[in-house]
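Shown next: start-v3.pdb, containing PDB, C-alpha atoms, pLDDT in the B column.
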ATOM      1  CA  MET A   1     153.597 -77.017 -33.968  1.00 38.00           C
ATOM      2  CA  ILE A   2     151.533 -73.948 -33.082  1.00 41.00           C
ATOM      3  CA  LEU A   3     148.875 -74.042 -30.371  1.00 40.00           C
ATOM      4  CA  THR A   4     146.830 -71.217 -28.904  1.00 39.00           C
ATOM      5  CA  ASN A   5     145.960 -71.294 -25.207  1.00 42.00           C
ATOM      6  CA  SER A   6     145.258 -68.743 -22.487  1.00 42.00           C
ATOM      7  CA  LEU A   7     146.827 -68.243 -19.060  1.00 40.00           C
ATOM      8  CA  SER A   8     144.936 -66.770 -16.144  1.00 36.00           C
ATOM      9  CA  LEU A   9     147.161 -64.757 -13.804  1.00 36.00           C
ATOM     10  CA  HIS A  10     145.891 -62.300 -11.202  1.00 36.00           C
ATOM     11  CA  SER A  11     142.356 -62.463 -12.687  1.00 33.00           C
ATOM     12  CA  LYS A  12     143.604 -61.154 -16.071  1.00 34.00           C
ATOM     13  CA  MET A  13     143.633 -63.292 -19.174  1.00 35.00           C
ATOM     14  CA  TYR A  14     146.875 -63.466 -21.125  1.00 33.00           C
ATOM     15  CA  SER A  15     146.980 -65.183 -24.471  1.00 34.00           C
ATOM     16  CA  PHE A  16     150.076 -66.777 -25.830  1.00 33.00           C
ATOM     17  CA  LYS A  17     151.139 -68.817 -28.796  1.00 33.00           C
ATOM     18  CA  GLN A  18     153.115 -71.786 -27.782  1.00 30.00           C
ATOM     19  CA  TYR A  19     155.714 -73.212 -30.090  1.00 29.00           C
ATOM     20  CA  THR A  20     158.425 -75.617 -29.227  1.00 27.00           C
ATOM     21  CA  GLN A  21     161.909 -75.886 -30.559  1.00 30.00           C
ATOM     22  CA  VAL A  22     164.249 -78.396 -28.941  1.00 28.00           C
ATOM     23  CA  GLU A  23     167.667 -76.858 -28.224  1.00 28.00           C
ATOM     24  CA  GLU A  24     169.558 -79.157 -25.885  1.00 28.00           C
ATOM     25  CA  LEU A  25     169.132 -82.184 -23.653  1.00 25.00           C
ATOM     26  CA  GLU A  26     170.588 -82.267 -20.124  1.00 35.00           C
ATOM     27  CA  TYR A  27     169.550 -85.266 -18.059  1.00 47.00           C
ATOM     28  CA  ASP A  28     165.801 -85.546 -18.652  1.00 64.00           C
ATOM     29  CA  VAL A  29     165.195 -81.785 -18.956  1.00 73.00           C
ATOM     30  CA  VAL A  30     164.614 -80.557 -22.509  1.00 78.00           C
ATOM     31  CA  VAL A  31     165.029 -76.812 -23.052  1.00 81.00           C
ATOM     32  CA  GLU A  32     162.317 -75.449 -25.346  1.00 82.00           C
ATOM     33  CA  LYS A  33     161.267 -71.992 -26.434  1.00 87.00           C
ATOM     34  CA  ALA A  34     157.775 -70.656 -25.769  1.00 86.00           C
ATOM     35  CA  GLU A  35     155.961 -67.373 -25.405  1.00 85.00           C
ATOM     36  CA  TYR A  36     154.972 -66.124 -21.926  1.00 88.00           C
ATOM     37  CA  GLN A  37     153.036 -62.869 -21.508  1.00 89.00           C
ATOM     38  CA  GLY A  38     154.115 -61.605 -24.933  1.00 88.00           C
ATOM     39  CA  ARG A  39     157.818 -62.397 -24.782  1.00 89.00           C
ATOM     40  CA  GLU A  40     159.854 -65.402 -25.819  1.00 92.00           C
ATOM     41  CA  VAL A  41     161.273 -67.476 -22.937  1.00 91.00           C
ATOM     42  CA  LYS A  42     163.180 -70.741 -22.544  1.00 90.00           C
ATOM     43  CA  LEU A  43     161.304 -73.525 -20.785  1.00 90.00           C
ATOM     44  CA  ASN A  44     163.088 -75.748 -18.243  1.00 90.00           C
ATOM     45  CA  ASP A  45     166.143 -73.472 -18.061  1.00 90.00           C
ATOM     46  CA  PRO A  46     166.704 -72.053 -14.533  1.00 91.00           C
ATOM     47  CA  PHE A  47     167.962 -68.474 -14.285  1.00 92.00           C
ATOM     48  CA  ARG A  48     169.096 -66.256 -11.428  1.00 92.00           C
ATOM     49  CA  LEU A  49     166.626 -63.541 -10.410  1.00 93.00           C
ATOM     50  CA  PRO A  50     167.733 -59.919  -9.886  1.00 92.00           C
ATOM     51  CA  THR A  51     169.114 -58.776  -6.531  1.00 90.00           C
ATOM     52  CA  GLY A  52     166.302 -57.757  -4.189  1.00 90.00           C
ATOM     53  CA  SER A  53     163.893 -60.481  -5.379  1.00 89.00           C
ATOM     54  CA  LYS A  54     162.094 -62.629  -2.820  1.00 94.00           C
ATOM     55  CA  LYS A  55     163.594 -65.776  -4.379  1.00 93.00           C
ATOM     56  CA  LYS A  56     167.016 -66.621  -5.817  1.00 92.00           C
ATOM     57  CA  PHE A  57     166.113 -68.508  -9.009  1.00 93.00           C
ATOM     58  CA  GLY A  58     163.262 -68.739 -11.492  1.00 94.00           C
ATOM     59  CA  VAL A  59     162.312 -71.097 -14.311  1.00 94.00           C
ATOM     60  CA  TYR A  60     159.529 -71.154 -16.908  1.00 94.00           C
ATOM     61  CA  VAL A  61     157.731 -74.501 -17.224  1.00 93.00           C
ATOM     62  CA  LYS A  62     154.513 -76.048 -18.509  1.00 92.00           C
ATOM     63  CA  ASN A  63     152.120 -76.983 -15.720  1.00 90.00           C
ATOM     64  CA  ASP A  64     149.794 -79.993 -15.653  1.00 91.00           C
ATOM     65  CA  LYS A  65     147.203 -78.083 -17.720  1.00 92.00           C
ATOM     66  CA  GLY A  66     149.740 -77.223 -20.416  1.00 88.00           C
ATOM     67  CA  ASN A  67     150.005 -73.526 -19.505  1.00 91.00           C
ATOM     68  CA  ILE A  68     153.355 -71.769 -19.200  1.00 92.00           C
ATOM     69  CA  VAL A  69     154.083 -70.658 -15.605  1.00 94.00           C
ATOM     70  CA  LYS A  70     157.045 -69.065 -13.843  1.00 94.00           C
ATOM     71  CA  VAL A  71     158.290 -71.010 -10.812  1.00 95.00           C
ATOM     72  CA  THR A  72     160.558 -69.185  -8.339  1.00 95.00           C
ATOM     73  CA  PHE A  73     162.621 -70.967  -5.711  1.00 93.00           C
ATOM     74  CA  GLY A  74     165.616 -70.637  -3.393  1.00 91.00           C
ATOM     75  CA  ASP A  75     166.428 -68.366  -0.475  1.00 91.00           C
ATOM     76  CA  PRO A  76     168.381 -65.335  -1.737  1.00 90.00           C
ATOM     77  CA  ASN A  77     170.161 -65.018   1.632  1.00 90.00           C
ATOM     78  CA  MET A  78     171.601 -68.547   1.642  1.00 87.00           C
ATOM     79  CA  GLY A  79     174.377 -70.149  -0.361  1.00 82.00           C
ATOM     80  CA  ILE A  80     174.274 -73.352  -2.385  1.00 78.00           C
ATOM     81  CA  ASN A  81     176.820 -75.781  -0.950  1.00 82.00           C
ATOM     82  CA  ARG A  82     176.070 -78.632  -3.336  1.00 80.00           C
ATOM     83  CA  ASP A  83     179.789 -79.306  -3.863  1.00 85.00           C
ATOM     84  CA  ASP A  84     180.052 -80.308  -0.180  1.00 87.00           C
ATOM     85  CA  ALA A  85     179.017 -83.996  -0.193  1.00 88.00           C
ATOM     86  CA  GLY A  86     177.660 -83.897   3.370  1.00 92.00           C
ATOM     87  CA  ALA A  87     175.586 -80.761   2.783  1.00 90.00           C
ATOM     88  CA  ARG A  88     174.264 -82.144  -0.513  1.00 90.00           C
ATOM     89  CA  LYS A  89     173.300 -85.468   1.080  1.00 91.00           C
ATOM     90  CA  SER A  90     171.588 -83.683   3.979  1.00 92.00           C
ATOM     91  CA  PHE A  91     169.650 -81.283   1.711  1.00 90.00           C
ATOM     92  CA  ARG A  92     168.492 -84.055  -0.631  1.00 90.00           C
ATOM     93  CA  ALA A  93     167.405 -86.262   2.301  1.00 93.00           C
ATOM     94  CA  ARG A  94     165.590 -83.381   4.040  1.00 92.00           C
ATOM     95  CA  HIS A  95     163.656 -82.503   0.875  1.00 91.00           C
ATOM     96  CA  GLY A  96     163.084 -86.083  -0.309  1.00 91.00           C
ATOM     97  CA  CYS A  97     164.814 -85.458  -3.620  1.00 90.00           C
ATOM     98  CA  ASP A  98     165.801 -89.077  -4.210  1.00 88.00           C
ATOM     99  CA  VAL A  99     162.384 -90.455  -3.232  1.00 88.00           C
ATOM    100  CA  ASP A 100     160.029 -88.073  -5.067  1.00 88.00           C
ATOM    101  CA  PRO A 101     161.249 -84.741  -6.457  1.00 88.00           C
ATOM    102  CA  GLY A 102     157.684 -83.832  -7.457  1.00 89.00           C
ATOM    103  CA  PRO A 103     156.350 -82.380 -10.705  1.00 91.00           C
ATOM    104  CA  LYS A 104     158.335 -79.882 -12.796  1.00 90.00           C
ATOM    105  CA  TRP A 105     155.922 -77.037 -12.049  1.00 93.00           C
ATOM    106  CA  LYS A 106     156.777 -77.092  -8.320  1.00 94.00           C
ATOM    107  CA  ALA A 107     159.716 -75.371  -6.618  1.00 93.00           C
ATOM    108  CA  LYS A 108     160.777 -78.621  -4.910  1.00 93.00           C
ATOM    109  CA  TYR A 109     161.657 -80.226  -8.252  1.00 93.00           C
ATOM    110  CA  TRP A 110     163.905 -77.346  -9.293  1.00 92.00           C
ATOM    111  CA  SER A 111     165.582 -77.055  -5.882  1.00 90.00           C
ATOM    112  CA  CYS A 112     166.437 -80.752  -6.090  1.00 90.00           C
ATOM    113  CA  TYR A 113     167.603 -80.224  -9.684  1.00 88.00           C
ATOM    114  CA  GLN A 114     170.032 -77.479  -8.591  1.00 87.00           C
ATOM    115  CA  TRP A 115     171.353 -79.680  -5.743  1.00 86.00           C
ATOM    116  CA  ARG A 116     172.430 -82.633  -7.915  1.00 81.00           C
ATOM    117  CA  ALA A 117     176.101 -83.678  -7.879  1.00 77.00           C
ATOM    118  CA  GLY A 118     178.345 -81.852 -10.341  1.00 73.00           C
ATOM    119  CA  ALA A 119     175.602 -79.371 -11.270  1.00 70.00           C
ATOM    120  CA  LYS A 120     176.428 -75.920 -12.554  1.00 69.00           C
ATOM    121  CA  VAL A 121     174.498 -73.089 -10.915  1.00 63.00           C
ATOM    122  CA  ASP A 122     173.370 -70.758 -13.681  1.00 59.00           C
ATOM    123  CA  ASP A 123     174.152 -67.069 -13.298  1.00 44.00           C
TER     124      ASP A 123
END
Same coordinates, now as structure tokens:
Amino acid sequence: MILTNSLSLHSKMYSFKQYTQVEELEYDVVVEKAEYQGREVKLNDPFRLPTGSKKKFGVYVKNDKGNIVKVTFGDPNMGINRDDAGARKSFRARHGCDVDPGPKWKAKYWSCYQWRAGAKVDD
């Protein structure tokens, strides 16, 4: 399936061709390939950002309008203690992860996704 849309970012218009190709299924997150600002990226696949970035992780997702956006999340100066049951329970309660993790194009969803039990933190 090939669709043509445009993405407005910093008052510039970027065009992209969006094509999907299902690779794997983990929980309810399907990893797809798409084009973002002229390069091919994986959707719904969190990655670690370079040292010195303002955030720790990033992920490319489709927003509610169907455009591809980059969501960044996580404090680069803090660790992820999701293997500690008490810390995990506290984080998930504080952020309301079990009640409403929010939409996929928000940082809250992906922070909750990284803090699930038995999750692997991507490098």
For the file shown, report as number ranges by chain the outcome of the PyMOL selection byres ((chain A and resi 55-62) around 6) at residue level. A: 43-49, 53-54, 63, 66-76
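The space separating CA of Gly96 in chain A from CA of Gln114 in chain A comes to 13.8 Å.
Computed from the coordinates, the CA of His95 in chain A to CA of Lys42 in chain A distance equals 26.2 Å.
What separates CA of Gly79 in chain A from CA of Glu32 in chain A is a distance of 28.2 Å.
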Result set of the PyMOL selection byres ((chain A and resi 103) around 12) on the coordinates above, as a CSV table (one decimal) with C-alpha atoms, in the frame of the given file:
chain,number,residue,atom,x,y,z
A,61,VAL,CA,157.7,-74.5,-17.2
A,62,LYS,CA,154.5,-76.0,-18.5
A,63,ASN,CA,152.1,-77.0,-15.7
A,64,ASP,CA,149.8,-80.0,-15.7
A,71,VAL,CA,158.3,-71.0,-10.8
A,97,CYS,CA,164.8,-85.5,-3.6
A,100,ASP,CA,160.0,-88.1,-5.1
A,101,PRO,CA,161.2,-84.7,-6.5
A,102,GLY,CA,157.7,-83.8,-7.5
A,104,LYS,CA,158.3,-79.9,-12.8
A,105,TRP,CA,155.9,-77.0,-12.0
A,106,LYS,CA,156.8,-77.1,-8.3
A,107,ALA,CA,159.7,-75.4,-6.6
A,108,LYS,CA,160.8,-78.6,-4.9
A,109,TYR,CA,161.7,-80.2,-8.3
A,110,TRP,CA,163.9,-77.3,-9.3
A,111,SER,CA,165.6,-77.1,-5.9
A,112,CYS,CA,166.4,-80.8,-6.1
A,113,TYR,CA,167.6,-80.2,-9.7
Please provide as a PyMOL selection string all residues within 7 Å of Tyr36 in chain A, with the sequence filter that same-chain residues fewer than 3 positions apart are discarded (counting all atoms listed in the file). chain A and resi 16+39-41+68
Explicit residue set for the PyMOL selection byres ((chain A and resi 115) around 10), as number ranges by chain: A: 80-83, 87-89, 91-92, 97, 110-114, 116-121
